>>> print(open('upload00.cif').read())   # mmCIF, C-alpha atoms and all ligand atoms
data_final
#
loop_
_atom_site.label_atom_id
_atom_site.label_comp_id
_atom_site.auth_asym_id
_atom_site.auth_seq_id
_atom_site.Cartn_x
_atom_site.Cartn_y
_atom_site.Cartn_z
CA MET A 132 30.43 -16.00 15.29
CA ILE A 133 27.19 -17.88 15.89
CA ALA A 134 25.12 -16.42 18.71
CA GLU A 135 24.64 -18.16 22.06
CA ASN A 136 24.83 -21.81 22.95
CA LEU A 137 21.82 -22.71 20.89
CA LYS A 138 23.07 -25.74 19.07
CA ALA A 139 22.24 -29.34 19.67
CA SER A 140 22.72 -32.12 17.13
CA ASN A 141 19.03 -32.79 16.32
CA GLN A 142 18.03 -29.13 16.34
CA ALA A 143 17.85 -26.56 13.58
CA ALA A 144 21.14 -25.36 12.11
CA LEU A 145 21.95 -21.69 12.56
CA LEU A 146 22.71 -19.60 9.49
CA ASP A 147 25.67 -17.42 10.41
CA GLY A 148 25.46 -13.86 9.01
CA ALA A 149 28.88 -12.65 10.17
CA VAL A 150 30.81 -14.95 7.87
CA VAL A 151 28.73 -13.76 4.89
CA ALA A 152 29.05 -10.08 5.80
CA ASN A 153 32.83 -10.43 6.15
CA GLN A 154 33.12 -12.16 2.81
CA ILE A 155 31.10 -9.40 1.11
CA LYS A 156 33.24 -6.68 2.69
CA GLU A 157 36.48 -8.47 1.70
CA GLN A 158 35.26 -8.69 -1.89
CA VAL A 159 34.25 -5.00 -1.90
CA LYS A 160 37.65 -4.07 -0.49
CA ARG A 161 39.46 -5.95 -3.27
CA GLU A 162 37.27 -4.33 -5.94
CA VAL A 163 37.73 -0.85 -4.45
CA GLU A 164 41.50 -1.39 -4.53
CA SER A 165 41.42 -2.29 -8.20
CA LEU A 166 39.11 0.64 -8.99
CA VAL A 167 41.62 2.98 -7.34
CA ARG A 168 44.48 1.30 -9.20
CA GLU A 169 42.82 1.25 -12.62
CA GLN A 170 40.60 4.35 -12.59
CA GLY A 171 42.34 6.49 -9.98
CA VAL A 172 39.12 6.98 -7.99
CA ALA A 173 37.86 5.67 -4.67
CA PRO A 174 34.06 5.50 -4.29
CA CYS A 175 32.60 8.06 -1.88
CA LEU A 176 29.50 7.72 0.30
CA ALA A 177 27.82 10.85 1.66
CA THR A 178 25.74 10.24 4.80
CA ILE A 179 23.15 12.66 6.16
CA LEU A 180 21.74 12.61 9.69
CA VAL A 181 19.14 15.16 10.75
CA GLY A 182 18.78 15.54 14.51
CA GLU A 183 20.38 13.60 17.34
CA ASP A 184 18.47 10.34 17.64
CA PRO A 185 20.99 8.09 19.47
CA ALA A 186 20.06 4.90 17.57
CA SER A 187 20.44 6.68 14.22
CA ALA A 188 23.81 8.08 15.34
CA VAL A 189 25.01 4.52 16.09
CA TYR A 190 23.84 3.29 12.66
CA ILE A 191 25.68 6.14 10.95
CA ARG A 192 28.87 5.46 12.93
CA ASN A 193 28.72 1.78 11.90
CA LYS A 194 28.32 2.77 8.26
CA ILE A 195 31.25 5.19 8.38
CA ARG A 196 33.40 2.55 10.11
CA ALA A 197 32.52 0.01 7.42
CA CYS A 198 33.57 2.53 4.74
CA GLU A 199 36.96 2.83 6.44
CA GLU A 200 37.30 -0.97 6.53
CA VAL A 201 36.76 -1.40 2.79
CA GLY A 202 38.52 1.74 1.52
CA ILE A 203 35.40 3.71 0.56
CA LYS A 204 35.62 7.44 1.27
CA SER A 205 32.88 8.83 3.47
CA GLU A 206 31.62 12.33 4.09
CA HIS A 207 29.17 12.94 6.88
CA HIS A 208 26.63 15.78 7.08
CA GLY A 209 25.15 16.11 10.57
CA LEU A 210 22.28 18.61 10.52
CA PRO A 211 20.39 20.06 13.49
CA GLU A 212 16.88 18.85 14.38
CA SER A 213 15.59 22.29 13.33
CA THR A 214 16.68 21.75 9.69
CA SER A 215 13.87 22.54 7.25
CA ALA A 216 12.82 20.33 4.36
CA THR A 217 14.06 23.03 1.97
CA GLU A 218 17.54 23.05 3.53
CA LEU A 219 17.75 19.25 3.43
CA LEU A 220 16.64 19.14 -0.20
CA GLU A 221 19.26 21.76 -1.07
CA LEU A 222 21.95 19.57 0.49
CA VAL A 223 20.72 16.54 -1.46
CA ARG A 224 20.76 18.53 -4.70
CA SER A 225 24.30 19.74 -4.06
CA LEU A 226 25.45 16.14 -3.43
CA ASN A 227 23.63 14.99 -6.58
CA ALA A 228 25.59 17.58 -8.56
CA ARG A 229 29.03 16.57 -7.25
CA ASP A 230 31.00 14.19 -9.41
CA ASP A 231 33.11 13.01 -6.46
CA VAL A 232 30.07 11.68 -4.53
CA ASP A 233 28.87 8.22 -5.60
CA GLY A 234 26.30 7.36 -2.95
CA ILE A 235 23.88 9.42 -0.85
CA LEU A 236 22.30 7.97 2.27
CA THR A 237 19.78 9.88 4.35
CA GLN A 238 19.36 8.14 7.70
CA LEU A 239 15.69 7.42 8.41
CA PRO A 240 13.49 8.24 10.19
CA LEU A 241 13.63 11.98 9.53
CA PRO A 242 12.25 14.40 12.11
CA GLU A 243 8.53 15.08 12.04
CA GLY A 244 7.67 17.72 9.48
CA ILE A 245 10.04 16.44 6.80
CA ASP A 246 8.39 14.14 4.28
CA GLU A 247 10.70 11.17 3.72
CA THR A 248 9.18 10.43 0.33
CA VAL A 249 10.06 13.87 -1.02
CA VAL A 250 13.66 13.55 0.18
CA ILE A 251 14.06 10.02 -1.22
CA GLU A 252 12.67 11.15 -4.58
CA GLU A 253 15.17 14.00 -4.72
CA ILE A 254 18.19 11.67 -4.56
CA ASP A 255 19.74 10.87 -7.95
CA PRO A 256 18.60 7.25 -8.61
CA LEU A 257 22.19 6.37 -9.61
CA LYS A 258 23.39 7.54 -6.17
CA ASP A 259 20.47 5.98 -4.27
CA VAL A 260 22.49 3.35 -2.36
CA ASP A 261 19.49 2.53 -0.13
CA GLY A 262 17.50 1.54 -3.23
CA PHE A 263 14.39 3.41 -2.04
CA HIS A 264 13.92 5.78 -5.02
CA PRO A 265 10.80 4.97 -7.10
CA ILE A 266 13.00 4.41 -10.17
CA ASN A 267 14.96 1.72 -8.33
CA VAL A 268 11.79 0.25 -6.81
CA GLY A 269 10.26 0.18 -10.30
CA ARG A 270 13.34 -1.46 -11.82
CA LEU A 271 13.22 -4.17 -9.17
CA SER A 272 9.53 -4.84 -9.70
CA GLN A 273 10.03 -4.99 -13.48
CA GLY A 274 12.71 -7.63 -12.96
CA HIS A 275 15.65 -5.36 -13.88
CA PRO A 276 17.13 -4.50 -10.49
CA GLN A 277 19.95 -1.98 -10.25
CA LEU A 278 20.36 -0.56 -6.72
CA VAL A 279 18.37 -2.79 -4.37
CA PRO A 280 17.52 -2.17 -0.66
CA CYS A 281 20.38 -3.47 1.47
CA THR A 282 18.60 -5.68 4.01
CA PRO A 283 16.62 -7.89 1.61
CA ALA A 284 19.58 -8.02 -0.78
CA GLY A 285 21.65 -9.21 2.20
CA VAL A 286 19.11 -11.96 2.92
CA ILE A 287 19.57 -13.28 -0.63
CA GLU A 288 23.37 -13.26 -0.17
CA LEU A 289 22.96 -15.16 3.09
CA LEU A 290 20.72 -17.78 1.49
CA ASP A 291 23.13 -18.20 -1.43
CA TYR A 292 26.17 -18.48 0.82
CA HIS A 293 24.50 -21.23 2.84
CA GLN A 294 23.24 -22.89 -0.38
CA ILE A 295 19.57 -22.64 0.52
CA GLU A 296 17.44 -23.40 -2.51
CA ILE A 297 15.22 -20.49 -3.63
CA ARG A 298 14.11 -21.53 -7.11
CA GLY A 299 10.68 -23.14 -7.14
CA VAL A 300 10.27 -23.24 -3.36
CA SER A 301 7.24 -21.95 -1.53
CA ALA A 302 8.43 -18.72 0.13
CA CYS A 303 6.46 -16.55 2.52
CA VAL A 304 7.38 -13.00 3.56
CA VAL A 305 5.72 -11.59 6.68
CA GLY A 306 5.77 -7.76 6.61
CA ARG A 307 5.26 -5.46 3.62
CA SER A 308 7.40 -2.42 4.41
CA GLN A 309 9.14 -0.49 1.63
CA ILE A 310 12.56 -1.20 3.11
CA VAL A 311 12.30 -4.93 3.80
CA GLY A 312 9.09 -6.89 3.07
CA ARG A 313 8.16 -5.63 -0.40
CA PRO A 314 11.66 -5.69 -1.94
CA MET A 315 12.28 -9.06 -0.24
CA ALA A 316 9.26 -10.55 -1.98
CA GLN A 317 10.39 -9.07 -5.32
CA LEU A 318 13.89 -10.50 -4.95
CA LEU A 319 12.54 -13.95 -4.13
CA LEU A 320 10.20 -13.75 -7.11
CA GLN A 321 13.14 -12.71 -9.27
CA ARG A 322 14.85 -15.91 -8.15
CA ASP A 323 11.84 -18.02 -9.12
CA ALA A 324 10.36 -18.70 -5.69
CA THR A 325 6.57 -18.92 -5.39
CA VAL A 326 5.97 -16.01 -3.07
CA THR A 327 3.19 -15.29 -0.58
CA MET A 328 3.12 -11.98 1.31
CA CYS A 329 1.57 -11.60 4.75
CA HIS A 330 0.82 -8.49 6.82
CA SER A 331 -1.24 -7.30 9.76
CA ARG A 332 -4.52 -8.03 7.98
CA THR A 333 -3.64 -11.60 6.98
CA ARG A 334 -6.21 -14.06 8.31
CA ASP A 335 -4.87 -17.08 10.22
CA LEU A 336 -1.23 -16.10 9.76
CA ALA A 337 0.08 -19.42 11.11
CA ALA A 338 -1.92 -21.44 8.58
CA VAL A 339 -0.30 -19.42 5.77
CA THR A 340 3.28 -19.31 7.07
CA ARG A 341 3.18 -23.07 7.85
CA GLN A 342 3.02 -23.77 4.12
CA ALA A 343 6.38 -22.13 3.47
CA ASP A 344 9.66 -23.92 2.83
CA LEU A 345 11.32 -20.53 3.22
CA LEU A 346 9.88 -18.08 5.73
CA VAL A 347 11.22 -14.51 5.97
CA VAL A 348 9.89 -12.42 8.83
CA ALA A 349 10.22 -8.61 9.08
CA VAL A 350 7.55 -7.35 11.43
CA GLY A 351 9.12 -5.79 14.54
CA ARG A 352 7.20 -7.83 17.13
CA PRO A 353 9.61 -9.71 19.39
CA GLY A 354 9.17 -13.49 19.29
CA MET A 355 5.78 -13.43 17.53
CA ILE A 356 6.62 -16.29 15.15
CA GLY A 357 6.52 -19.54 17.12
CA ALA A 358 6.46 -23.28 16.47
CA ALA A 359 2.88 -23.15 15.16
CA HIS A 360 3.95 -20.79 12.33
CA ILE A 361 6.82 -22.92 11.04
CA LYS A 362 6.69 -25.87 8.66
CA PRO A 363 8.90 -28.65 10.06
CA GLY A 364 12.31 -28.44 8.40
CA ALA A 365 11.71 -25.00 6.87
CA THR A 366 14.37 -22.31 6.57
CA VAL A 367 13.42 -19.31 8.72
CA VAL A 368 15.04 -15.91 8.20
CA ASP A 369 14.47 -13.45 11.03
CA VAL A 370 14.96 -9.84 9.96
CA GLY A 371 13.38 -8.42 13.13
CA MET A 372 15.66 -6.52 15.47
CA GLU A 373 14.25 -5.02 18.62
CA LYS A 374 15.68 -4.12 22.01
CA LEU A 375 14.22 -6.13 24.88
CA THR A 376 14.63 -4.78 28.40
CA ASP A 377 11.98 -6.60 30.45
CA PRO A 378 13.50 -9.60 32.31
CA ALA A 379 10.09 -11.36 32.59
CA GLU A 380 9.69 -11.15 28.81
CA VAL A 381 13.26 -12.42 28.37
CA GLN A 382 12.48 -15.42 30.62
CA ARG A 383 9.32 -16.18 28.65
CA LEU A 384 10.99 -15.98 25.26
CA PHE A 385 14.35 -17.58 25.97
CA GLY A 386 13.59 -20.15 28.70
CA SER A 387 16.76 -22.02 29.60
CA ALA A 388 18.89 -19.73 27.37
CA ALA A 389 17.75 -16.63 29.30
CA GLU A 390 20.88 -16.36 31.50
CA LYS A 391 23.07 -14.92 28.74
CA ARG A 392 20.34 -12.46 27.86
CA PHE A 393 20.09 -11.28 31.46
CA ALA A 394 23.86 -10.71 31.36
CA ALA A 395 23.43 -8.59 28.21
CA ILE A 396 20.70 -6.54 29.90
CA SER A 397 22.91 -5.90 32.95
CA LYS A 398 25.79 -4.85 30.69
CA ARG A 399 24.02 -2.78 28.01
CA GLY A 400 20.54 -2.27 29.38
CA TYR A 401 18.93 -4.42 26.67
CA THR A 402 19.23 -7.60 24.65
CA LEU A 403 18.55 -7.80 20.92
CA ILE A 404 15.66 -9.98 19.81
CA GLY A 405 14.06 -10.84 16.51
CA ASP A 406 10.50 -11.64 15.45
CA VAL A 407 11.04 -15.38 15.80
CA ASN A 408 10.89 -17.25 19.09
CA GLN A 409 14.35 -18.83 18.87
CA ALA A 410 13.73 -21.66 21.33
CA GLU A 411 10.67 -22.82 19.39
CA ALA A 412 12.28 -22.31 15.98
CA LEU A 413 15.18 -24.51 17.08
CA GLU A 414 12.79 -27.38 17.64
CA VAL A 415 10.84 -27.10 14.39
CA ALA A 416 12.83 -25.30 11.69
CA GLY A 417 15.53 -26.94 9.59
CA LYS A 418 17.68 -23.80 9.52
CA PHE A 419 17.30 -20.33 10.89
CA THR A 420 19.10 -17.04 11.36
CA PRO A 421 19.88 -16.05 14.96
CA VAL A 422 19.41 -12.56 16.37
CA PRO A 423 21.96 -11.17 16.88
CA GLY A 424 24.45 -12.73 14.47
CA GLY A 425 22.17 -13.29 11.47
CA VAL A 426 20.69 -10.80 9.01
CA GLY A 427 21.57 -7.66 11.01
CA LEU A 428 25.24 -7.71 10.01
CA LEU A 429 24.48 -7.91 6.32
CA THR A 430 22.76 -4.56 5.88
CA VAL A 431 25.92 -2.49 6.25
CA ALA A 432 27.95 -4.93 4.15
CA MET A 433 25.39 -4.57 1.36
CA LEU A 434 25.53 -0.78 1.69
CA MET A 435 29.25 -1.02 0.90
CA LYS A 436 28.46 -3.25 -2.07
CA ASN A 437 25.81 -0.82 -3.33
CA THR A 438 28.18 2.16 -2.99
CA LEU A 439 30.81 0.35 -5.06
CA LYS A 440 28.13 -0.58 -7.58
CA ALA A 441 26.92 3.05 -7.79
CA ALA A 442 30.50 4.21 -8.42
CA LYS A 443 30.83 1.72 -11.27
CA LEU A 444 27.38 2.46 -12.72
CA ARG A 445 28.05 6.20 -12.78
CA ARG A 446 31.32 5.65 -14.62
CA GLY A 447 29.74 3.29 -17.14
CA LEU A 448 31.95 0.41 -15.92
CA ILE A 449 28.89 -1.82 -15.45
CA GLN A 450 25.27 -1.61 -16.60
P1 LIG B 501 7.54 -1.74 9.54
O1 LIG B 501 6.96 -1.34 10.84
O2 LIG B 501 7.75 -0.71 8.48
O3 LIG B 501 6.62 -2.89 8.91
C1 LIG B 501 6.15 -3.94 9.69
C2 LIG B 501 5.31 -4.85 8.84
O4 LIG B 501 4.85 -5.91 9.69
C3 LIG B 501 4.06 -4.17 8.26
O5 LIG B 501 3.92 -4.53 6.91
C4 LIG B 501 2.93 -4.72 9.10
O6 LIG B 501 1.72 -4.92 8.38
C5 LIG B 501 3.45 -6.09 9.50
N1 LIG B 501 2.84 -6.54 10.74
C6 LIG B 501 2.68 -5.87 11.90
N2 LIG B 501 2.04 -6.62 12.81
C7 LIG B 501 1.80 -7.81 12.20
C8 LIG B 501 1.15 -9.00 12.62
N3 LIG B 501 0.64 -9.15 13.84
N4 LIG B 501 1.05 -10.01 11.73
C9 LIG B 501 1.56 -9.91 10.48
N5 LIG B 501 2.19 -8.79 10.03
C10 LIG B 501 2.29 -7.76 10.89
O7 LIG B 501 8.87 -2.52 9.89
P2 LIG B 501 10.25 -2.73 9.06
O8 LIG B 501 10.01 -3.57 7.87
O9 LIG B 501 10.93 -1.44 8.91
O10 LIG B 501 11.07 -3.57 10.14
C11 LIG B 501 10.63 -4.83 10.59
C12 LIG B 501 11.66 -5.37 11.56
O11 LIG B 501 12.90 -5.55 10.88
C13 LIG B 501 11.97 -4.45 12.75
O12 LIG B 501 12.22 -5.23 13.89
C14 LIG B 501 13.23 -3.74 12.33
O13 LIG B 501 14.01 -3.31 13.42
C15 LIG B 501 13.93 -4.84 11.56
N6 LIG B 501 14.89 -4.35 10.58
C16 LIG B 501 16.13 -4.90 10.62
C17 LIG B 501 17.08 -4.49 9.73
C18 LIG B 501 18.42 -5.13 9.77
O14 LIG B 501 19.37 -4.53 9.37
N7 LIG B 501 18.51 -6.37 10.23
C19 LIG B 501 16.83 -3.44 8.74
C20 LIG B 501 15.45 -3.00 8.72
C21 LIG B 501 14.53 -3.43 9.63
P3 LIG B 501 0.84 -3.69 7.78
O15 LIG B 501 1.57 -3.28 6.54
O16 LIG B 501 -0.47 -4.32 7.51
O17 LIG B 501 0.82 -2.63 8.84
#
>>> encode(input="upload00.cif", output="structure tokens")
Amino acid sequence: MIAENLKASNQAALLDGAVVANQIKEQVKREVESLVREQGVAPCLATILVGEDPASAVYIRNKIRACEEVGIKSEHHGLPESTSATELLELVRSLNARDDVDGILTQLPLPEGIDETVVIEEIDPLKDVDGFHPINVGRLSQGHPQLVPCTPAGVIELLDYHQIEIRGVSACVVGRSQIVGRPMAQLLLQRDATVTMCHSRTRDLAAVTRQADLLVVAVGRPGMIGAAHIKPGATVVDVGMEKLTDPAEVQRLFGSAAEKRFAAISKRGYTLIGDVNQAEALEVAGKFTPVPGGVGLLTVAMLMKNTLKAAKLRRGLIQ
């Protein structure tokens, strides 16, 4: 379902993420059913959550629910905040050793005092369904991707579904994180885009982003990309997802569409917002992904796809 009443005939078209996420999950479900039928095994995802961060708990619940939807087994390990790095690494090693576990996901961020890099590096690369292990990062950058980070992989699925051309276009990625920006740029390069990467030290950001036919933004600064950053007619993908609670900020960023956002704040205490100013993008972009309703839904769908892929890789059913 496309978010809000944003459409008008001469304005940018919205790229719906829900329809893509549902299609991916349906496909995974069918493939899981045939794996069970033909091999007698259902893929299994082990999730680990250290501590009680409420946002992380919601993400984990969504992942477990998605597993149920597509027929993937899930096994959750909830550990107390006081868990030591040694204890966590022991758990990861025991999951690595189990033949009945296909994917291992450690919900980030980890509590202070536990080095995320060490934990990620401990996960068997063939069970690394987040695609964060250096082996998987290296494979992607060498042009031989195997398990790829879910959010940028989901962006590619979204672009393909909506038949957005990638090959040969001028693409710009704003943000260079390990989980979104860097793998996003690699995936676009893999698909023959001409890729520019921007970050907090980029000079005259708008002058750079305005050159792009395809602009992907993953920064975490609500509404920072406005009309001046967007080439007329460009496709804009907004990966940003932040909670906005300040009504004055909502009024500034949403203008005449603010009413629905106020309603969301009264109901839930916040409204979700991306890095792109939607009202301005509507006027300038050719196509763009709304928040919510765009990229956000694809991450979990791609996690299901990666878990299925890990199960097949481990059994030598695919390479
Ligand atoms: P990080 O904080 O790890 O990275 C942010 C990046 O933005 C950094 O590379 C930083 O540059 C860059 N940046 C910060 N300020 C500016 C600026 N003024 N101009 C240009 N670049 C800037 O964020 P993530 O990649 O983890 O997440 C980004 C957003 O995507 C967040 O809103 C997050 O919630 C969302 N997200 C959504 C997901 C989904 O499922 N839809 C999944 C993952 C993330 P530098 O490197 O120089 O510091």
>>> closest_atom_pairs(input="upload00.cif", of="chain A", to="ligand LIG 501 (chain B)", cutoff="10 Å", atoms="only C-alpha atoms and all ligand atoms", output="tab-separated table")
residue	atom	partner	partner_atom	distance
A:Tyr190	CA	B:LIG501	O14	9.6
A:Pro280	CA	B:LIG501	C19	9.5
A:Cys281	CA	B:LIG501	O14	8.0
A:Thr282	CA	B:LIG501	C19	5.5
A:Pro283	CA	B:LIG501	C19	8.4
A:Gly285	CA	B:LIG501	O14	8.9
A:Val286	CA	B:LIG501	N7	9.2
A:Val304	CA	B:LIG501	N5	9.3
A:Val305	CA	B:LIG501	N5	5.6
A:Gly306	CA	B:LIG501	C2	3.7
A:Arg307	CA	B:LIG501	O5	3.7
A:Ser308	CA	B:LIG501	O2	4.4
A:Gln309	CA	B:LIG501	O2	7.0
A:Ile310	CA	B:LIG501	O8	5.9
A:Val311	CA	B:LIG501	O8	4.9
A:Gly312	CA	B:LIG501	O8	5.9
A:Arg313	CA	B:LIG501	O5	8.5
A:Met328	CA	B:LIG501	N5	9.3
A:Cys329	CA	B:LIG501	C9	6.0
A:His330	CA	B:LIG501	N5	3.5
A:Ser331	CA	B:LIG501	C10	3.7
A:Arg332	CA	B:LIG501	O16	5.5
A:Thr333	CA	B:LIG501	C9	6.5
A:Arg334	CA	B:LIG501	N4	9.0
A:Asp335	CA	B:LIG501	N4	9.3
A:Leu336	CA	B:LIG501	N4	6.8
A:Ala337	CA	B:LIG501	N4	9.5
A:Val348	CA	B:LIG501	C12	7.8
A:Ala349	CA	B:LIG501	C11	4.1
A:Val350	CA	B:LIG501	O4	3.5
A:Gly351	CA	B:LIG501	O12	3.2
A:Arg352	CA	B:LIG501	O12	6.5
A:Pro353	CA	B:LIG501	O12	7.6
A:Met355	CA	B:LIG501	N3	7.6
A:Ile356	CA	B:LIG501	N4	9.1
A:Asp369	CA	B:LIG501	O11	8.1
A:Val370	CA	B:LIG501	O11	4.8
A:Gly371	CA	B:LIG501	O12	3.5
A:Met372	CA	B:LIG501	O12	4.0
A:Glu373	CA	B:LIG501	O12	5.2
A:Lys374	CA	B:LIG501	O13	8.8
A:Leu403	CA	B:LIG501	O12	9.8
A:Ile404	CA	B:LIG501	O12	8.3
A:Gly405	CA	B:LIG501	O12	6.5
A:Asp406	CA	B:LIG501	O12	6.8
A:Val422	CA	B:LIG501	N7	8.8
A:Pro423	CA	B:LIG501	N7	8.9
A:Gly424	CA	B:LIG501	N7	9.7
A:Gly425	CA	B:LIG501	N7	7.9
A:Val426	CA	B:LIG501	N7	5.1
A:Gly427	CA	B:LIG501	N7	3.4
A:Leu428	CA	B:LIG501	O14	6.7
A:Leu429	CA	B:LIG501	O14	6.8
A:Thr430	CA	B:LIG501	O14	4.9
A:Val431	CA	B:LIG501	O14	7.5
>>> atom_distance(input="upload00.cif", atom1="CA of Ile195 in chain A", atom2="CA of Thr178 in chain A")
8.3 Å
>>> closest_atom_pairs(input="upload00.cif", of="range 162-195 of chain A", to="range 235-239 of chain A", cutoff="9 Å", atoms="all atoms listed in the file", output="JSON lines")
{"residue": "A:Cys175", "atom": "CA", "partner": "A:Ile235", "partner_atom": "CA", "distance": 8.9}
{"residue": "A:Leu176", "atom": "CA", "partner": "A:Ile235", "partner_atom": "CA", "distance": 6.0}
{"residue": "A:Ala177", "atom": "CA", "partner": "A:Ile235", "partner_atom": "CA", "distance": 4.9}
{"residue": "A:Thr178", "atom": "CA", "partner": "A:Leu236", "partner_atom": "CA", "distance": 4.8}
{"residue": "A:Ile179", "atom": "CA", "partner": "A:Thr237", "partner_atom": "CA", "distance": 4.7}
{"residue": "A:Leu180", "atom": "CA", "partner": "A:Gln238", "partner_atom": "CA", "distance": 5.4}
{"residue": "A:Val181", "atom": "CA", "partner": "A:Gln238", "partner_atom": "CA", "distance": 7.7}
{"residue": "A:Ser187", "atom": "CA", "partner": "A:Gln238", "partner_atom": "CA", "distance": 6.8}
{"residue": "A:Ala188", "atom": "CA", "partner": "A:Gln238", "partner_atom": "CA", "distance": 8.8}
{"residue": "A:Tyr190", "atom": "CA", "partner": "A:Gln238", "partner_atom": "CA", "distance": 8.3}
{"residue": "A:Ile191", "atom": "CA", "partner": "A:Gln238", "partner_atom": "CA", "distance": 7.4}
>>> closest_residue(input="upload00.cif", among="A:Lys258, A:Arg341, A:Arg383, A:His208", to="Pro174 in chain A", atoms="all atoms listed in the file")
A:Lys258
>>> atom_distance(input="upload00.cif", atom1="CA of Lys398 in chain A", atom2="CA of Ala149 in chain A")
22.2 Å
>>> atom_distance(input="upload00.cif", atom1="CA of Asp231 in chain A", atom2="CA of Thr438 in chain A")
12.4 Å
>>> residues_around(input="upload00.cif", residues="Ile297 in chain A", least_positions_apart="4", cutoff="9 Å", atoms="only C-alpha atoms", output="JSON, numbers by chain")
{"A": [287, 290, 291, 301, 302, 319, 322, 323, 324, 325, 345]}
>>> write_last_selection(input="upload00.cif", atoms="C-alpha atoms", output="mmCIF file, in the frame of the given file")
data_model
loop_
_atom_site.group_PDB
_atom_site.id
_atom_site.type_symbol
_atom_site.label_atom_id
_atom_site.label_comp_id
_atom_site.auth_asym_id
_atom_site.auth_seq_id
_atom_site.Cartn_x
_atom_site.Cartn_y
_atom_site.Cartn_z
ATOM 1 C CA ILE A 287 19.570 -13.280 -0.630
ATOM 2 C CA LEU A 290 20.720 -17.780 1.490
ATOM 3 C CA ASP A 291 23.130 -18.200 -1.430
ATOM 4 C CA SER A 301 7.240 -21.950 -1.530
ATOM 5 C CA ALA A 302 8.430 -18.720 0.130
ATOM 6 C CA LEU A 319 12.540 -13.950 -4.130
ATOM 7 C CA ARG A 322 14.850 -15.910 -8.150
ATOM 8 C CA ASP A 323 11.840 -18.020 -9.120
ATOM 9 C CA ALA A 324 10.360 -18.700 -5.690
ATOM 10 C CA THR A 325 6.570 -18.920 -5.390
ATOM 11 C CA LEU A 345 11.320 -20.530 3.220
#
>>> axis_aligned_box(input="upload00.cif", around="range 180-199 of chain A", padding_each_side="3 Å", output="AutoDock Vina command-line options")
--center_x 27.7 --center_y 7.8 --center_z 12.1 --size_x 24.5 --size_y 21.5 --size_z 20.7
>>> residues_near_point(input="upload00.cif", point="(35.0, 1.4, 5.6)", cutoff="10 Å", atoms="all atoms listed in the file", output="list in words")
Lys156, Val159, Lys160, Leu176, Asn193, Lys194, Ile195, Arg196, Ala197, Cys198, Glu199, Glu200, Val201, Gly202, Ile203, Lys204, Ser205, Val431, Ala432 and Met435 of chain A
>>> closest_residue(input="upload00.cif", among="A:Leu166, A:Val249, A:Leu318, A:Ile254", to="Arg224 in chain A", atoms="only C-alpha atoms")
A:Ile254
>>> closest_residue(input="upload00.cif", among="A:Glu288, A:Glu380, A:Asp344, A:Glu296", to="Asn153 in chain A", atoms="all atoms listed in the file")
A:Glu288
>>> residues_near_point(input="upload00.cif", point="(11.5, 12.8, 7.0)", cutoff="12 Å", atoms="all atoms listed in the file", output="count of residues only")
27
>>> residues_around(input="upload00.cif", residues="Ser272 in chain A", least_positions_apart="6", cutoff="9 Å", atoms="only C-alpha atoms", output="VMD selection string")
chain A and resid 314 317 to 318 321
>>> decode(input="upload00.cif", residues="range 376-403 of chain A", atoms="C-alpha atoms", output="PDB file, in the first residue's frame")
ATOM      1  CA  THR A 376       8.125  13.401  17.380  1.00  0.00           C
ATOM      2  CA  ASP A 377       8.293  17.206  17.155  1.00  0.00           C
ATOM      3  CA  PRO A 378       5.060  18.639  15.640  1.00  0.00           C
ATOM      4  CA  ALA A 379       6.829  21.856  14.503  1.00  0.00           C
ATOM      5  CA  GLU A 380       9.358  19.771  12.574  1.00  0.00           C
ATOM      6  CA  VAL A 381       6.528  17.691  11.111  1.00  0.00           C
ATOM      7  CA  GLN A 382       4.779  20.888   9.928  1.00  0.00           C
ATOM      8  CA  ARG A 383       7.995  22.151   8.341  1.00  0.00           C
ATOM      9  CA  LEU A 384       8.765  18.922   6.533  1.00  0.00           C
ATOM     10  CA  PHE A 385       5.301  17.816   5.451  1.00  0.00           C
ATOM     11  CA  GLY A 386       3.418  21.095   4.890  1.00  0.00           C
ATOM     12  CA  SER A 387      -0.095  20.358   3.690  1.00  0.00           C
ATOM     13  CA  ALA A 388       0.386  16.585   4.242  1.00  0.00           C
ATOM     14  CA  ALA A 389       1.196  17.120   7.930  1.00  0.00           C
ATOM     15  CA  GLU A 390      -2.295  16.238   9.246  1.00  0.00           C
ATOM     16  CA  LYS A 391      -1.852  12.477   8.790  1.00  0.00           C
ATOM     17  CA  ARG A 392       1.536  12.681  10.452  1.00  0.00           C
ATOM     18  CA  PHE A 393       0.064  14.482  13.458  1.00  0.00           C
ATOM     19  CA  ALA A 394      -2.481  11.658  13.697  1.00  0.00           C
ATOM     20  CA  ALA A 395       0.376   9.111  13.707  1.00  0.00           C
ATOM     21  CA  ILE A 396       2.141  11.038  16.475  1.00  0.00           C
ATOM     22  CA  SER A 397      -1.027  11.099  18.608  1.00  0.00           C
ATOM     23  CA  LYS A 398      -1.509   7.365  18.079  1.00  0.00           C
ATOM     24  CA  ARG A 399       2.052   6.016  18.365  1.00  0.00           C
ATOM     25  CA  GLY A 400       4.034   8.936  19.724  1.00  0.00           C
ATOM     26  CA  TYR A 401       6.040   9.345  16.500  1.00  0.00           C
ATOM     27  CA  THR A 402       5.872   9.345  12.727  1.00  0.00           C
ATOM     28  CA  LEU A 403       8.448   7.658  10.501  1.00  0.00           C
TER      29      LEU A 403
END
